[in-house]
Every structure is written in C-alpha cells, then in structure tokens.
Amino acid sequence: MKLSFLAWLLLGCSMAFAQLTVTNDSYIFVDGNGFTAAPDVAPLYVTNEVNLTGADSKIYLRNEAQLIQDFGAATSTNSGTGQLSVYQTGTVNQWSYNYWCSPVGNNSAATGNENARVNLIDDATGLISSTDAAFTTGFDGSASPLTISDRWLWTYQTADQYIDWVYVGATGNISPGLGFTMKGNGTGATGSQVYDFRGKPNNGTITNDVANGLNTLVGNPYPSAMDSALFIHDPQNQASITGTLLYWEQDGTVPSHTLQDYRGGYYSFTINATGTVITDTPAQFMTYDEDDNTFPLAIPTDGSKSAGRYIPIGQGFMVEGIAGTPGTPATVYAKNAHRVFAKESDGNSYFFRNSTDDGDNTDETTSIQYQDNGLSIVPDDFKRFRINVDFTANEAQYTRQLVLNFHETATAGFDYGLELIHSEPTPSDAYFLLDEKIYNGQAFPFEETLIIPITIDIEQQQPLRFRIFDIQNFDESQGIYIHDIDNDTYVNLRNLDYELNIEPGNYSNRFEIVFTPEGTLGIDEFDVTSLSIRQDNNNQELTVLNPTNLDVKTIELYDVSGRRVLSLPIDAVSDHYNLSTVSISDGAYIVKVATKSSTNLKSQKILVKH
C-alpha cells in the first residue's frame with residue numbers, strides 16, 4: 001500500500017498492511033490512544049517490508065503506538081531514506097545511567113537494518129516536529145534544549161580477547177541490537193526526559209555475540225515491545241545465555257560523576273516459559289529501617305526498581321553467555337517472533353523504573369498479579385520466599401536479597417527461567433553455590449527435609465543479619481529456619497531475625513536454610529507413609545529415614561548429568577540408613593530410593609557441600 005498524501009492517514013486503531021510504502025512528502029501518524037470504540041488498540045502491523053522512499057517520508061508513533069512486522073521474516077528488507085519517529089522517556093537524572101537499545105538505525109539508501117548512532121536521537125519540539133539533539137563534552141547534559149553529554153556514551157561487548165566498555169560517543173556506530181549507556185538530563189534526585197528516536201525501523205532477526213561467562217549489553221531493538229518469556233526461552237537463546245537479564249540500577253541521590261562514588265548494581269530478572277512466574281532480585285541496596293522487613297519500604301531510590309514481562313521500546317540490559325569463547329563467540333537472538341504490542345501505561349511493560357510508580361496491579365495479558373510493593377505473586381502451585389542478608393561495615397548498611405522458588409518441576413541442576421545467576425559479587429556478600437556458579441535465586445522441589453546452604457563472604461568484622469519476607473503459599477505453621485552450624489542454632493525467621501557479629505572469611509559451610517530443625521528429626525515427626533531423606537553437610541552424611549520398615553532395595557545418588565555416582569544395595573530392613581558423602585564432590589544430586597515393589601519409591605534433590 002502506498003501513501004502519497006501529506007498527513008494522509010491518522011491511525012487510531014489497529015491497521016495491517018502486506019507492504020507499506022510511504023512516498024516522499026507523506027507521513028503516517030499512529031496514535032496509541034486509539035479511539036473511543038477501541039482505546040487500547042493501536043499497533044501498526046506490516047507483514048512485509050516498510051519502504052520510506054524519500055528523506056521526507058515519515059511514520060510517527062505517538063502515545064505508545066508501535067510497529068510490528070512479520071513474525072516469519074528473518075532478514076529485514078526495510079528500505080528508504082525516510083524516518084520512523086518513536087518516543088521513549090529516560091528515567092534518571094544527570095548523575096545516573098540508563099541502558100538503551102536503539103529501535104532504529106541509519107537511513108541510508110541501503111536495504112535492511114543499519115548501525116545506530118546516538119546522534120539519531122532528536123529533541124521533540126511538537127507533535128511531529130523535532131530538532132537534532134545537541135551534544136556537549138561537559139559532564140552534565142540539559143533537558144531544554146536537549147543536550148546530551150557524550151562522555152557517558154558506551155557499549156559493552158565481547159571481543160577477541162576480552163570484554164570491556166567501548167566508547168562510541170555521539171557519532172560512533174552501534175550494531176543493531178547492541179545496547180549503549182547514556183546518563184540522564186533531568187535535574188534533582190530524579191529526572192525524566194523524552195527522547196525522539198528517528199531512523200529506519202529495525203526488523204527481522206538481529207544477532208549479537210556472547211561468550212561463556214562474559215556479559216554483553218543488548219536490548220530490545222524494535223519499535224515495539226518484546227516478550228521477555230519468548231526471548232529468554234527461544235531455543236537458540238537457551239543454548240547461548242543464562243536466561244538472567246540484568247538491568248542497571250543507580251542511586252540518583254549521589255551527586256557525583258566519580259566512579260568510586262557510584263552506588264548501584266544490577267537488578268536480576270528471569271521468567272518461566274509460560275510467562276506466569278517472574279523471578280527477580282534488586283541490586284544490593286541501602287537499608288535504613290531496621291524494623292521493616294517489607295520491600296521496598298526500606299529501600300531508597302537504589303534497589304527499588306523492577307521490570308515487567310514485556311521489554312519496552314529502547315530498553316537495554318546485560319546478558320551472560322554460556323557458550324562460545326571470546327575468540328569464537330556464540331550468538332544471542334532478537335526476533336520478530338518475540339515482538340508484541342504492550343503499552344507501558346497499561347502496566348504490561350515499562351522502561352526500567354521505580355516499582356512504586358502508578359500502575360495496574362495485574363498484567364491482564366498473562367494474569368501475573370503484583371503486590372502493592374511491586375513484587376509479583378506466584379501461582380498457587382508454587383511456593384516462594386525472599387531472604388534479606390544485611391551487612392554493616394563502616395556504618396554503611398546494605399542488603400543482598402536472595403529468592404527461593406519451590407515447584408515440583410524443579411530439578412537437581414540449573415532450572416532455566418526459575419533461577420538467577422549472581423552478576424557481581426562484592427567483598428561482603430551472600431549467594432547460593434551450585435556447580436561452581438553463584439546464584440541469587442534458586443529453585444527446588446519442596447521437601448521438609450530440604451537443606452539449602454547459603455555462602456557468606458565477609459571482608460571485615462561486622463554485624464550480620466538474616467530476615468525473610470514475601471512468603472507465598474506456605475502453610476502458616478511451616479517453619480523456615482536459618483541454621484548456624486557453628487553455633488548449632490536454629491532460628492525460625494518467620495518469627496525472629498537472626499543477628500550475629502562475624503569475623504572476616506568465606507563461610508560456605510556454616511549457614512543453611514532448613515524447614516525442620518535437627519531436634520525434631522525423630523521418626524515420630526515424619527509422615528509414616530513415606531521415607532525421609534536428609535543431607536547433613538556438617539557430618540558429611542546422607543540419611544534415609546524408614547519409619548515403617550519398608551523393604552528398601554537400593555539407595556542411589558545421581559549427578560545433574562544423570563550419571564550414577566553412588567549405589568548402596570540394602571540386604572536388611574532398618575528404620576534408617578546412613579551413607580557417607582565424604583568422597584562426593586560439592587554440587588546438586590538426586591537421591592533415588594527403590595524398594596522390592598517399587599523401582600523409584602522416592603526421589604529428592606540434595607546439595608552436598610564440604
């Protein structure tokens with residue numbers, strides 16, 4: 001379809017074209033507010049290419065309108081020297097970074113996606129009018145007229161030998177889909193600024209390099225929202241990245257451009273394949289209110305942001321590779337199949353921002369519900385709680401948050417889409433350890449005999465505190481204990497925080513979460529119709545309790561690859577069996593107990609930690 005009249009069409013509803021050509025001196029204006037009969041419908045669908053034939057050919061996406069193109073197209077055939085114009089609002093002030101990813105590229109005569117540049121951003125002066133953003137070599141930008149400091153324009157990408165920040169400035173080329181940093185232009189503790197991205201719309205499959213154990217700054221490269229569940233669980237991405245998306249958080253109340261003064265870190269996000277369970281934790285955050293266990297009331301501007309299922313236009317984030325090397329990288333993919341129409345104002349999607357901002361508490365598309373504090377609610381068949389580990393050093397108190405999911409589908413190994421890779425350990429920190437990888441979120445099938453070790457690193461002597469909140473779908477009578485092995489102390493965190501003074505060191509065998517304290521592990525406490533399995537890392541021993549004297553035939557231990565590492569044939573009935581795990585390497589295992597009448601009477605995940 002060719003549009004050849006100036007202001008030919010005002011689109012207030014969903015429109016679809018097989019091919020869209022906008023001739024010179026013509027434009028399409030797409031209003032995301034829709035119209036009275038369908039106020040929430042305003043995407044522009046094009047099943048083939050978009051041709052912006054001349055320099056004055058324009059498509060204006062306004063009020064959260066979006067462009068979506070053919071899900072099957074792998075290669076972009078968009079062409080022309082015209083421009084698509086789409087707005088996005090930055091959410092930080094002049095001291096802080098947002099991570100960006102341009103939805104448009106250069107608009108030369110070439111066909112297909114082209115490199116972006118920061119100077120493709122305009123300063124919006126009217127509904128469709130704009131002027132080029134100005135740039136300064138000074139530390140601070142300004143909002144009006146829009147002036148961007150080019151000191152803070154960097155990408156982060158894999159290289160042949162290493163991964164590092166790469167300066168791009170205002171005019172440096174940025175590959176399609178690669179993210180970049182930019183500090184805000186607002187003043188005061190918070191700030192927002194509308195940026196007008198103008199260029200050829202990106203389309204088709206967009207790839208960037210990743211490498212095992214290294215981060216790459218990528219993002220949503222399209223002029224539409226992107227579904228994080230489809231992106232994370234795309235089979236090609238499952239083979240190349242951890243599934244954890246890292247969004248940068250920075251405390252805008254710190255008025256400094258000096259790196260040593262920055263107070264920030266990465267908010268971690270993942271989602272299950274059905275898009276119904278979001279698992280996330282904030283960056284380490286400052287804690288002021290010692291009596292408040294809820295999130296985010298005890299958290300100032302750093303550590304109080306969150307992301308939704310749908311990744312908005314312009315949003316950048318880090319991913320970590322699990323395949324490839326710096327010299328022979330693997331690939332992360334963004335595809336048309338990941339694109340969706342999701343408006344930020346509907347609460348389905350928002351540019352990374354404070355979770356307490358106004359918004360609906362339900363994502364109507366996925367039925368994800370949210371608490372008033374911005375944390376998501378898991379479905380009824382899941383259990384969840386969060387652990388806040390508070391550190392106090394040099395009178396500065398900060399918190400590392402950990403999250404635990406429980407579901408029958410969780411496995412002995414890494415549960416992609418339910419577990420969070422820990423991005424940036426600090427000298428004093430808390431985390432889970434599995435197969436030499438560190439996590440701030442893990443998943444297990446729930447058992448009352450489950451033991452979950454927490455590793456604590458302490459740089460200098462200080463007070464340490466454990467507390468829990470966001471307890472979901474646990475019976476009120478179910479205790480959740482922190483076990484201090486050195487002191488042989490069990491504290492039910494549902495009733496009391498656990499506080500102690502601690503010396504410097506690495507504590508990988510001292511603290512664990514349990515659900516039944518040692519003193520109540522007698523046979524009478526267990527369901528007499530089932531076996532009970534417990535791994536005691538303090539004594540390096542696996543115990544299988546058999547209260548009803550079942551005819552146990554074998555007890556076997558399997559690693560995460562399915563290899564059997566231990567097998568104990570049973571030739572006599574006993575009410576308990578003990579197996580030494582001294583020779584077993586640290587890691588996650590599945591214990592399988594078979595009887596003469598059942599080849600797999602009971603299976604349970606355990607963690608062995610010496």
# chains A, B, ... in the order shown; residues from 1 in each chain; ligands from 1

call {"tool": "residues_around", "arguments": {"residues": "Asn113 (chain A)", "least_positions_apart": "2", "cutoff": "12 Å", "atoms": "only C-alpha atoms", "output": "MDAnalysis selection string"}}
result
chainID A and resid 49:50 74:80 102:111 115:116 174:177 199:207 221:222

call {"tool": "select_by_dssp", "arguments": {"residues": "region 388-604 of chain A", "states": "strand (DSSP E)", "output": "ChimeraX atom specification"}}
result
/A:388-393,396-406,420-421,429-434,437-444,451-458,462-472,481-484,489-492,498-502,505-514,532-536,541-545,552-558,564-569,576-580,587-595,602-604

call {"tool": "write_last_selection", "arguments": {"atoms": "C-alpha atoms", "output": "JSON list (two decimals), in the first residue's frame"}}
result
[["chain", "number", "residue", "atom", "x", "y", "z"],
["A", 388, "ASN", "CA", 17.42, -10.28, 53.05],
["A", 389, "VAL", "CA", 21.01, -10.60, 54.27],
["A", 390, "ASP", "CA", 22.08, -7.32, 55.87],
["A", 391, "PHE", "CA", 25.73, -6.27, 56.10],
["A", 392, "THR", "CA", 27.03, -3.41, 58.22],
["A", 393, "ALA", "CA", 30.54, -2.11, 57.59],
["A", 396, "ALA", "CA", 27.02, 1.78, 55.98],
["A", 397, "GLN", "CA", 24.31, -0.84, 55.98],
["A", 398, "TYR", "CA", 23.35, -2.62, 52.79],
["A", 399, "THR", "CA", 21.40, -5.71, 51.85],
["A", 400, "ARG", "CA", 21.77, -8.59, 49.43],
["A", 401, "GLN", "CA", 18.43, -10.15, 48.59],
["A", 402, "LEU", "CA", 18.10, -13.83, 47.69],
["A", 403, "VAL", "CA", 14.98, -15.56, 46.39],
["A", 404, "LEU", "CA", 13.90, -19.21, 46.59],
["A", 405, "ASN", "CA", 11.25, -20.81, 44.37],
["A", 406, "PHE", "CA", 9.71, -24.20, 45.06],
["A", 420, "LEU", "CA", 19.07, -16.18, 38.79],
["A", 421, "ILE", "CA", 22.78, -16.06, 38.06],
["A", 429, "ASP", "CA", 28.11, -10.79, 50.06],
["A", 430, "ALA", "CA", 25.61, -13.66, 50.20],
["A", 431, "TYR", "CA", 24.77, -16.18, 47.50],
["A", 432, "PHE", "CA", 23.90, -19.77, 46.62],
["A", 433, "LEU", "CA", 26.55, -22.02, 45.09],
["A", 434, "LEU", "CA", 25.90, -24.76, 42.51],
["A", 437, "LYS", "CA", 28.39, -20.96, 39.69],
["A", 438, "ILE", "CA", 26.92, -18.46, 42.14],
["A", 439, "TYR", "CA", 23.24, -17.57, 42.25],
["A", 440, "ASN", "CA", 20.94, -15.11, 43.97],
["A", 441, "GLY", "CA", 17.88, -17.15, 43.09],
["A", 442, "GLN", "CA", 17.38, -20.93, 43.12],
["A", 443, "ALA", "CA", 14.54, -23.43, 42.67],
["A", 444, "PHE", "CA", 13.82, -26.74, 44.39],
["A", 451, "ILE", "CA", 18.74, -28.23, 53.21],
["A", 452, "ILE", "CA", 19.78, -25.12, 51.26],
["A", 453, "PRO", "CA", 23.29, -23.79, 52.03],
["A", 454, "ILE", "CA", 23.94, -20.04, 51.85],
["A", 455, "THR", "CA", 27.51, -18.88, 51.29],
["A", 456, "ILE", "CA", 28.58, -15.70, 53.09],
["A", 457, "ASP", "CA", 31.69, -13.67, 52.26],
["A", 458, "ILE", "CA", 32.84, -11.19, 54.90],
["A", 462, "GLN", "CA", 30.79, -6.63, 61.24],
["A", 463, "PRO", "CA", 27.20, -7.33, 62.33],
["A", 464, "LEU", "CA", 25.29, -9.72, 60.05],
["A", 465, "ARG", "CA", 21.53, -10.20, 59.92],
["A", 466, "PHE", "CA", 19.19, -12.67, 58.15],
["A", 467, "ARG", "CA", 15.49, -11.88, 57.67],
["A", 468, "ILE", "CA", 12.74, -13.12, 55.34],
["A", 469, "PHE", "CA", 9.63, -11.70, 53.69],
["A", 470, "ASP", "CA", 7.40, -12.20, 50.63],
["A", 471, "ILE", "CA", 6.41, -15.63, 51.94],
["A", 472, "GLN", "CA", 3.95, -17.08, 49.44],
["A", 481, "TYR", "CA", 14.82, -21.75, 59.80],
["A", 482, "ILE", "CA", 18.31, -20.39, 59.43],
["A", 483, "HIS", "CA", 20.70, -22.99, 60.82],
["A", 484, "ASP", "CA", 24.02, -21.63, 62.11],
["A", 489, "THR", "CA", 21.46, -22.63, 66.40],
["A", 490, "TYR", "CA", 18.10, -22.83, 64.62],
["A", 491, "VAL", "CA", 16.10, -19.61, 64.28],
["A", 492, "ASN", "CA", 12.63, -19.57, 62.73],
["A", 498, "TYR", "CA", 18.92, -13.85, 63.16],
["A", 499, "GLU", "CA", 21.69, -11.41, 64.08],
["A", 500, "LEU", "CA", 25.32, -12.01, 64.99],
["A", 501, "ASN", "CA", 28.78, -10.45, 64.82],
["A", 502, "ILE", "CA", 31.03, -12.22, 62.35],
["A", 505, "GLY", "CA", 36.27, -15.01, 55.93],
["A", 506, "ASN", "CA", 34.43, -17.21, 53.46],
["A", 507, "TYR", "CA", 31.60, -19.12, 55.15],
["A", 508, "SER", "CA", 30.48, -21.85, 52.77],
["A", 509, "ASN", "CA", 29.67, -24.49, 55.36],
["A", 510, "ARG", "CA", 28.14, -22.50, 58.19],
["A", 511, "PHE", "CA", 24.68, -21.22, 57.22],
["A", 512, "GLU", "CA", 21.78, -23.15, 55.70],
["A", 513, "ILE", "CA", 18.03, -22.82, 55.29],
["A", 514, "VAL", "CA", 16.08, -25.77, 56.67],
["A", 532, "SER", "CA", 12.51, -39.07, 54.50],
["A", 533, "ILE", "CA", 15.86, -38.02, 53.04],
["A", 534, "ARG", "CA", 18.29, -35.62, 54.71],
["A", 535, "GLN", "CA", 21.78, -34.47, 53.75],
["A", 536, "ASP", "CA", 23.85, -33.45, 56.78],
["A", 541, "GLU", "CA", 26.42, -37.87, 55.70],
["A", 542, "LEU", "CA", 23.24, -38.73, 53.85],
["A", 543, "THR", "CA", 20.45, -40.20, 55.97],
["A", 544, "VAL", "CA", 17.36, -42.05, 54.72],
["A", 545, "LEU", "CA", 14.75, -42.50, 57.42],
["A", 552, "VAL", "CA", 14.26, -50.84, 50.72],
["A", 553, "LYS", "CA", 16.30, -52.44, 47.95],
["A", 554, "THR", "CA", 18.74, -49.70, 46.83],
["A", 555, "ILE", "CA", 19.72, -46.12, 47.58],
["A", 556, "GLU", "CA", 21.36, -44.37, 44.63],
["A", 557, "LEU", "CA", 22.84, -40.93, 44.05],
["A", 558, "TYR", "CA", 22.91, -39.27, 40.60],
["A", 564, "ARG", "CA", 25.19, -42.57, 38.97],
["A", 565, "VAL", "CA", 27.88, -41.66, 41.49],
["A", 566, "LEU", "CA", 26.82, -43.86, 44.42],
["A", 567, "SER", "CA", 24.81, -47.04, 44.84],
["A", 568, "LEU", "CA", 24.11, -48.82, 48.09],
["A", 569, "PRO", "CA", 22.37, -52.22, 47.90],
["A", 576, "HIS", "CA", 17.30, -45.64, 58.90],
["A", 577, "TYR", "CA", 20.29, -45.83, 56.57],
["A", 578, "ASN", "CA", 23.42, -43.67, 56.65],
["A", 579, "LEU", "CA", 25.70, -43.07, 53.67],
["A", 580, "SER", "CA", 28.97, -41.14, 53.83],
["A", 587, "GLY", "CA", 27.12, -29.97, 43.98],
["A", 588, "ALA", "CA", 23.48, -30.91, 43.46],
["A", 589, "TYR", "CA", 22.39, -34.54, 43.31],
["A", 590, "ILE", "CA", 19.24, -36.62, 43.06],
["A", 591, "VAL", "CA", 18.73, -39.34, 45.68],
["A", 592, "LYS", "CA", 16.60, -42.26, 44.45],
["A", 593, "VAL", "CA", 15.26, -44.88, 46.83],
["A", 594, "ALA", "CA", 13.86, -48.12, 45.42],
["A", 595, "THR", "CA", 12.07, -50.96, 47.17],
["A", 602, "LYS", "CA", 11.14, -41.63, 46.30],
["A", 603, "SER", "CA", 13.40, -39.07, 44.57],
["A", 604, "GLN", "CA", 14.72, -35.90, 46.14]]

call {"tool": "residues_around", "arguments": {"residues": "region 336-351 of chain A", "least_positions_apart": "2", "cutoff": "7 Å", "atoms": "only C-alpha atoms", "output": "VMD selection string"}}
result
chain A and resid 43 64 66 68 to 71 73 203 to 205 224 to 227 230 to 231 307 to 312 315 334 353 359 to 360 363

call {"tool": "atom_distance", "arguments": {"atom1": "CA of Leu531 (chain A)", "atom2": "CA of Leu450 (chain A)"}}
result
13.2 Å

call {"tool": "closest_residue", "arguments": {"among": "A:Lys183, A:Arg384, A:His422, A:Arg151", "to": "Thr136 (chain A)", "atoms": "only C-alpha atoms"}}
result
A:Arg151

call {"tool": "atom_distance", "arguments": {"atom1": "CA of Leu418 (chain A)", "atom2": "CA of Asp209 (chain A)"}}
result
24.0 Å

call {"tool": "atom_distance", "arguments": {"atom1": "CA of Ile606 (chain A)", "atom2": "CA of Phe382 (chain A)"}}
result
19.0 Å

call {"tool": "closest_atom_pairs", "arguments": {"of": "region 99-214 of chain A", "to": "region 241-264 of chain A", "cutoff": "12 Å", "atoms": "only C-alpha atoms", "output": "CSV"}}
result
residue,atom,partner,partner_atom,distance
A:Tyr99,CA,A:Trp248,CA,6.9
A:Trp100,CA,A:Tyr247,CA,10.4
A:Gly138,CA,A:His257,CA,11.2
A:Phe139,CA,A:His257,CA,7.5
A:Asp140,CA,A:His257,CA,9.1
A:Ser149,CA,A:His257,CA,11.8
A:Arg151,CA,A:His257,CA,10.4
A:Trp152,CA,A:His257,CA,9.8
A:Gly179,CA,A:Tyr247,CA,11.5
A:Phe180,CA,A:Trp248,CA,11.6
A:Thr181,CA,A:Trp248,CA,9.8
A:Met182,CA,A:Trp248,CA,11.6
A:Lys183,CA,A:His257,CA,10.0
A:Gly184,CA,A:Gly252,CA,10.0
A:Asn185,CA,A:Gly252,CA,11.8
A:Gly186,CA,A:Gly252,CA,10.5
A:Thr187,CA,A:Gly252,CA,9.9
A:Gly188,CA,A:Thr253,CA,8.0
A:Ala189,CA,A:Thr253,CA,4.9
A:Thr190,CA,A:Gly252,CA,6.3
A:Gly191,CA,A:Gly252,CA,8.9
A:Ser192,CA,A:Gly252,CA,11.9
A:Asn208,CA,A:Ile241,CA,11.5
A:Asp209,CA,A:Ile241,CA,10.5
A:Val210,CA,A:Ile241,CA,7.7
A:Ala211,CA,A:Ile241,CA,8.6
A:Asn212,CA,A:Ile241,CA,8.2
A:Gly213,CA,A:Thr242,CA,9.1
A:Leu214,CA,A:Ile241,CA,9.7

call {"tool": "closest_residue", "arguments": {"among": "A:Thr279, A:Asn119, A:Gln88, A:Ser228", "to": "Thr171 (chain A)", "atoms": "only C-alpha atoms"}}
result
A:Asn119
